[in-house]
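First the structure, in the form of structure tokens, and then the observations on it.
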Amino acid sequence: MQDPQYVKQAFSRIADRYRVTNHVLSVGTDILWRKKVGRIVAEWQPKTILDVATGTGDLALEIQKQCPDAEMTGSDFCPEMLAYATESGVNNTMVVDAMEMPFEDDSFDVLTVAFGLRNMGSWPDALKEMQRVLKPGGHLLILDFSLPTGILKEPYSFYLNKVLPKIAGYMTGEKDAYEYLAGTIGEFPSGAKMEELINSCGFSDAKSAPLSFGVASIYTATA
Ligand SMILES: C[S@@+](CC[C@H](N)C(=O)[O-])C[C@H]1O[C@@H](n2cnc3c(N)ncnc32)[C@H](O)[C@@H]1O
């Protein structure tokens, strides 16, 4: 659970370098993860999609490409990040705090959130709000970082805590923000713990799938 004011200010400061820094830090893997999410969402054949914490809109744009007939809304509470989503062509963009969304109950067929839930003030409250705006039977998809286990655990932890903030600090001038964001990954539930949390917030059938040896995970559930 994070401090929303700190998070909003941190993203407003890195907005113009967010995309390129992401691609460098993940060696382009984030692009493949988003494509995979796009394919999963396309299989659900949604008419209405909300991408929460859309940031610069990278996931919303990928889903739009794979679901050309769906109506996409990208929302974020940081106007500086959202400006890039609007400029890049996300259909509808709205400045919205995910903890209290201005949407009616049962509004969307699919709700996605990539690397966003981890940064929110209360994970259960955010998930309950997501459940509220999804139609009954609608689909939730969360993409977020997790920690690999086994042989990769130690080297990845070194990369995450020592190397990543240095590279990101060099690219953005905001080393502290990346140290903070790296720290949030260790606190964030993953695997079965995340499935349990999702199901306790009104969803059913939560499932998790690790990506790239567990560096990230996709969680799906039904509203
Ligand atoms: C790491 S970025 C992810 C952006 C995008 N989803 C992506 O995949 O690149 C996290 C985003 O979450 C947004 N965010 C964090 N807390 C939020 C909240 N309570 N409501 C709306 N957006 C929030 C931040 O402003 C930021 O744009």
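Each chain in the structure tokens gets a letter, A, B and so on, in the order shown; residues start at 1 in every chain, and ligands are counted from 1 in the order they appear.
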If the limit is 8 Å from any atom of ligand 1, counting only C-alpha atoms and all ligand atoms, which residues qualify? Return them as JSON, numbers by chain. {"A": [4, 7, 8, 11, 12, 15, 18, 19, 22, 34, 51, 52, 53, 54, 55, 56, 57, 58, 59, 60, 75, 76, 77, 78, 79, 81, 82, 95, 96, 97, 98, 99, 113, 114, 115, 116, 117, 118, 119, 120, 121, 126, 143]}
Report as an NGL selection string all protein, DNA and RNA residues lying within 9 Å of Arg39 in chain A, evaluated on only C-alpha atoms, omitting residues in the same chain fewer than 6 positions from it. :A and (63 or 66-67)
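CA of Asp109 in chain A to CA of Lys47 in chain A spans 6.5 Å [interatomic distance, one decimal].
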Val27 in chain A surroundings by only C-alpha atoms, 12 Å radius, close-in-sequence under 6 positions cut, as a PyMOL selection string: chain A and resi 19-21+33+164+212
How about saving the chosen residues, C-alpha atoms kept, as a compact mmCIF listing (two decimals), in the first residue's frame?
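This is the output file result-v3.txt:
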# COMPACT_ATOMS: atom_id res chain seq x y z
CA ARG A 19 8.33 4.72 -21.89
CA VAL A 20 11.93 4.62 -23.00
CA THR A 21 13.17 3.93 -19.46
CA TRP A 33 4.09 -8.87 -21.99
CA LEU A 164 17.92 -0.71 -11.88
CA SER A 212 9.70 -14.42 -17.84
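Among the candidate residues A:Ile185, A:Tyr170, A:Phe145, A:Val133, the one lying nearest to Gly202 in chain A is A:Val133, with distances computed using only C-alpha atoms.
Atom pair CA of Pro148 in chain A / CA of Arg13 in chain A has a distance of 29.2 Å (rounded to one decimal).
Across A:Pro136, A:Pro189, A:Gly89, A:Pro68, the tightest approach to Trp123 in chain A is made by A:Pro189 when counting only C-alpha atoms.
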For the alpha helix (DSSP H) assignment from backbone DSSP, which residues of range 32-216 of chain A qualify? Please present them as JSON, numbers by chain. {"A": [32, 33, 34, 35, 36, 37, 38, 39, 40, 41, 42, 43, 44, 58, 59, 60, 61, 62, 63, 64, 65, 66, 79, 80, 81, 82, 83, 84, 85, 86, 87, 88, 123, 124, 125, 126, 127, 128, 129, 130, 131, 132, 133, 153, 154, 155, 156, 157, 158, 164, 165, 166, 167, 168, 169, 170, 171, 172, 175, 176, 177, 178, 179, 180, 181, 182, 183, 184, 185, 186, 187, 191, 192, 193, 194, 195, 196, 197, 198, 199]}
Based on the selection just made, write C-alpha atoms of those residues as a PDB file, in the first residue's frame.
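out_0.pdb was written with the following content:
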ATOM      1  CA  LEU A  32       6.014  -8.750 -25.300  1.00  0.00           C
ATOM      2  CA  TRP A  33       4.094  -8.872 -21.992  1.00  0.00           C
ATOM      3  CA  ARG A  34       1.645  -6.239 -23.265  1.00  0.00           C
ATOM      4  CA  LYS A  35       1.156  -8.158 -26.525  1.00  0.00           C
ATOM      5  CA  LYS A  36       0.322 -11.283 -24.526  1.00  0.00           C
ATOM      6  CA  VAL A  37      -2.216  -9.354 -22.448  1.00  0.00           C
ATOM      7  CA  GLY A  38      -3.721  -8.009 -25.686  1.00  0.00           C
ATOM      8  CA  ARG A  39      -4.175 -11.561 -26.988  1.00  0.00           C
ATOM      9  CA  ILE A  40      -5.883 -12.709 -23.769  1.00  0.00           C
ATOM     10  CA  VAL A  41      -8.252  -9.728 -23.802  1.00  0.00           C
ATOM     11  CA  ALA A  42      -9.064 -10.251 -27.497  1.00  0.00           C
ATOM     12  CA  GLU A  43     -10.182 -13.816 -26.727  1.00  0.00           C
ATOM     13  CA  TRP A  44     -12.805 -12.407 -24.351  1.00  0.00           C
ATOM     14  CA  ASP A  58       1.023   1.543 -23.805  1.00  0.00           C
ATOM     15  CA  LEU A  59      -1.241  -1.333 -22.766  1.00  0.00           C
ATOM     16  CA  ALA A  60      -4.423   0.467 -23.861  1.00  0.00           C
ATOM     17  CA  LEU A  61      -2.887   1.037 -27.311  1.00  0.00           C
ATOM     18  CA  GLU A  62      -1.879  -2.615 -27.656  1.00  0.00           C
ATOM     19  CA  ILE A  63      -5.367  -3.781 -26.648  1.00  0.00           C
ATOM     20  CA  GLN A  64      -6.960  -1.279 -29.042  1.00  0.00           C
ATOM     21  CA  LYS A  65      -4.852  -2.800 -31.821  1.00  0.00           C
ATOM     22  CA  GLN A  66      -5.989  -6.328 -30.959  1.00  0.00           C
ATOM     23  CA  PRO A  79      -2.452  14.132 -15.882  1.00  0.00           C
ATOM     24  CA  GLU A  80       1.197  14.358 -16.986  1.00  0.00           C
ATOM     25  CA  MET A  81       1.286  10.591 -17.714  1.00  0.00           C
ATOM     26  CA  LEU A  82      -2.189  10.585 -19.268  1.00  0.00           C
ATOM     27  CA  ALA A  83      -1.244  13.394 -21.691  1.00  0.00           C
ATOM     28  CA  TYR A  84       1.051  10.888 -23.473  1.00  0.00           C
ATOM     29  CA  ALA A  85      -1.785   8.337 -23.682  1.00  0.00           C
ATOM     30  CA  THR A  86      -4.060  10.942 -25.272  1.00  0.00           C
ATOM     31  CA  GLU A  87      -1.357  12.102 -27.683  1.00  0.00           C
ATOM     32  CA  SER A  88      -0.569   8.500 -28.686  1.00  0.00           C
ATOM     33  CA  TRP A 123      -5.004  -2.922  -2.796  1.00  0.00           C
ATOM     34  CA  PRO A 124      -8.269  -4.408  -1.404  1.00  0.00           C
ATOM     35  CA  ASP A 125     -10.162  -1.117  -1.774  1.00  0.00           C
ATOM     36  CA  ALA A 126      -8.872  -0.649  -5.319  1.00  0.00           C
ATOM     37  CA  LEU A 127      -9.855  -4.220  -6.251  1.00  0.00           C
ATOM     38  CA  LYS A 128     -13.356  -3.772  -4.781  1.00  0.00           C
ATOM     39  CA  GLU A 129     -13.775  -0.595  -6.829  1.00  0.00           C
ATOM     40  CA  MET A 130     -12.659  -2.487  -9.953  1.00  0.00           C
ATOM     41  CA  GLN A 131     -15.174  -5.229  -9.192  1.00  0.00           C
ATOM     42  CA  ARG A 132     -17.926  -2.611  -8.802  1.00  0.00           C
ATOM     43  CA  VAL A 133     -17.434  -1.083 -12.261  1.00  0.00           C
ATOM     44  CA  LYS A 153      16.091 -14.914  -6.942  1.00  0.00           C
ATOM     45  CA  GLU A 154      19.408 -13.430  -5.765  1.00  0.00           C
ATOM     46  CA  PRO A 155      20.717 -12.042  -9.082  1.00  0.00           C
ATOM     47  CA  TYR A 156      17.333 -10.472  -9.831  1.00  0.00           C
ATOM     48  CA  SER A 157      17.130  -8.930  -6.377  1.00  0.00           C
ATOM     49  CA  PHE A 158      20.604  -7.400  -6.950  1.00  0.00           C
ATOM     50  CA  LEU A 164      17.916  -0.708 -11.882  1.00  0.00           C
ATOM     51  CA  PRO A 165      17.729   2.460  -9.735  1.00  0.00           C
ATOM     52  CA  LYS A 166      21.182   3.504 -11.014  1.00  0.00           C
ATOM     53  CA  ILE A 167      20.275   3.095 -14.699  1.00  0.00           C
ATOM     54  CA  ALA A 168      16.838   4.667 -14.187  1.00  0.00           C
ATOM     55  CA  GLY A 169      18.394   7.454 -12.113  1.00  0.00           C
ATOM     56  CA  TYR A 170      20.828   8.180 -14.941  1.00  0.00           C
ATOM     57  CA  MET A 171      18.016   8.203 -17.529  1.00  0.00           C
ATOM     58  CA  THR A 172      15.430  10.174 -15.551  1.00  0.00           C
ATOM     59  CA  LYS A 175      16.910   7.575  -8.702  1.00  0.00           C
ATOM     60  CA  ASP A 176      14.888   7.888  -5.467  1.00  0.00           C
ATOM     61  CA  ALA A 177      11.600   7.314  -7.288  1.00  0.00           C
ATOM     62  CA  TYR A 178      12.930   4.090  -8.841  1.00  0.00           C
ATOM     63  CA  GLU A 179      14.362   2.900  -5.504  1.00  0.00           C
ATOM     64  CA  TYR A 180      10.905   3.443  -4.031  1.00  0.00           C
ATOM     65  CA  LEU A 181       9.173   1.669  -6.935  1.00  0.00           C
ATOM     66  CA  ALA A 182      11.635  -1.260  -6.754  1.00  0.00           C
ATOM     67  CA  GLY A 183      10.888  -1.548  -3.027  1.00  0.00           C
ATOM     68  CA  THR A 184       7.160  -1.857  -3.708  1.00  0.00           C
ATOM     69  CA  ILE A 185       7.710  -5.052  -5.734  1.00  0.00           C
ATOM     70  CA  GLY A 186       8.903  -6.980  -2.662  1.00  0.00           C
ATOM     71  CA  GLU A 187       5.834  -5.912  -0.672  1.00  0.00           C
ATOM     72  CA  GLY A 191       0.918 -16.084  -6.965  1.00  0.00           C
ATOM     73  CA  ALA A 192      -1.524 -17.800  -4.603  1.00  0.00           C
ATOM     74  CA  LYS A 193      -1.484 -14.832  -2.185  1.00  0.00           C
ATOM     75  CA  MET A 194      -2.620 -12.491  -4.920  1.00  0.00           C
ATOM     76  CA  GLU A 195      -5.294 -14.968  -6.066  1.00  0.00           C
ATOM     77  CA  GLU A 196      -6.592 -15.063  -2.487  1.00  0.00           C
ATOM     78  CA  LEU A 197      -6.632 -11.268  -2.259  1.00  0.00           C
ATOM     79  CA  ILE A 198      -8.490 -10.916  -5.569  1.00  0.00           C
ATOM     80  CA  ASN A 199     -11.110 -13.513  -4.619  1.00  0.00           C
TER      81      ASN A 199
END
From a backbone DSSP assignment, name each residue in chain A labelled strand (DSSP E), as an MDAnalysis selection string. chainID A and resid 48:52 71:76 92:95 108:114 134:145 204:211 216:222
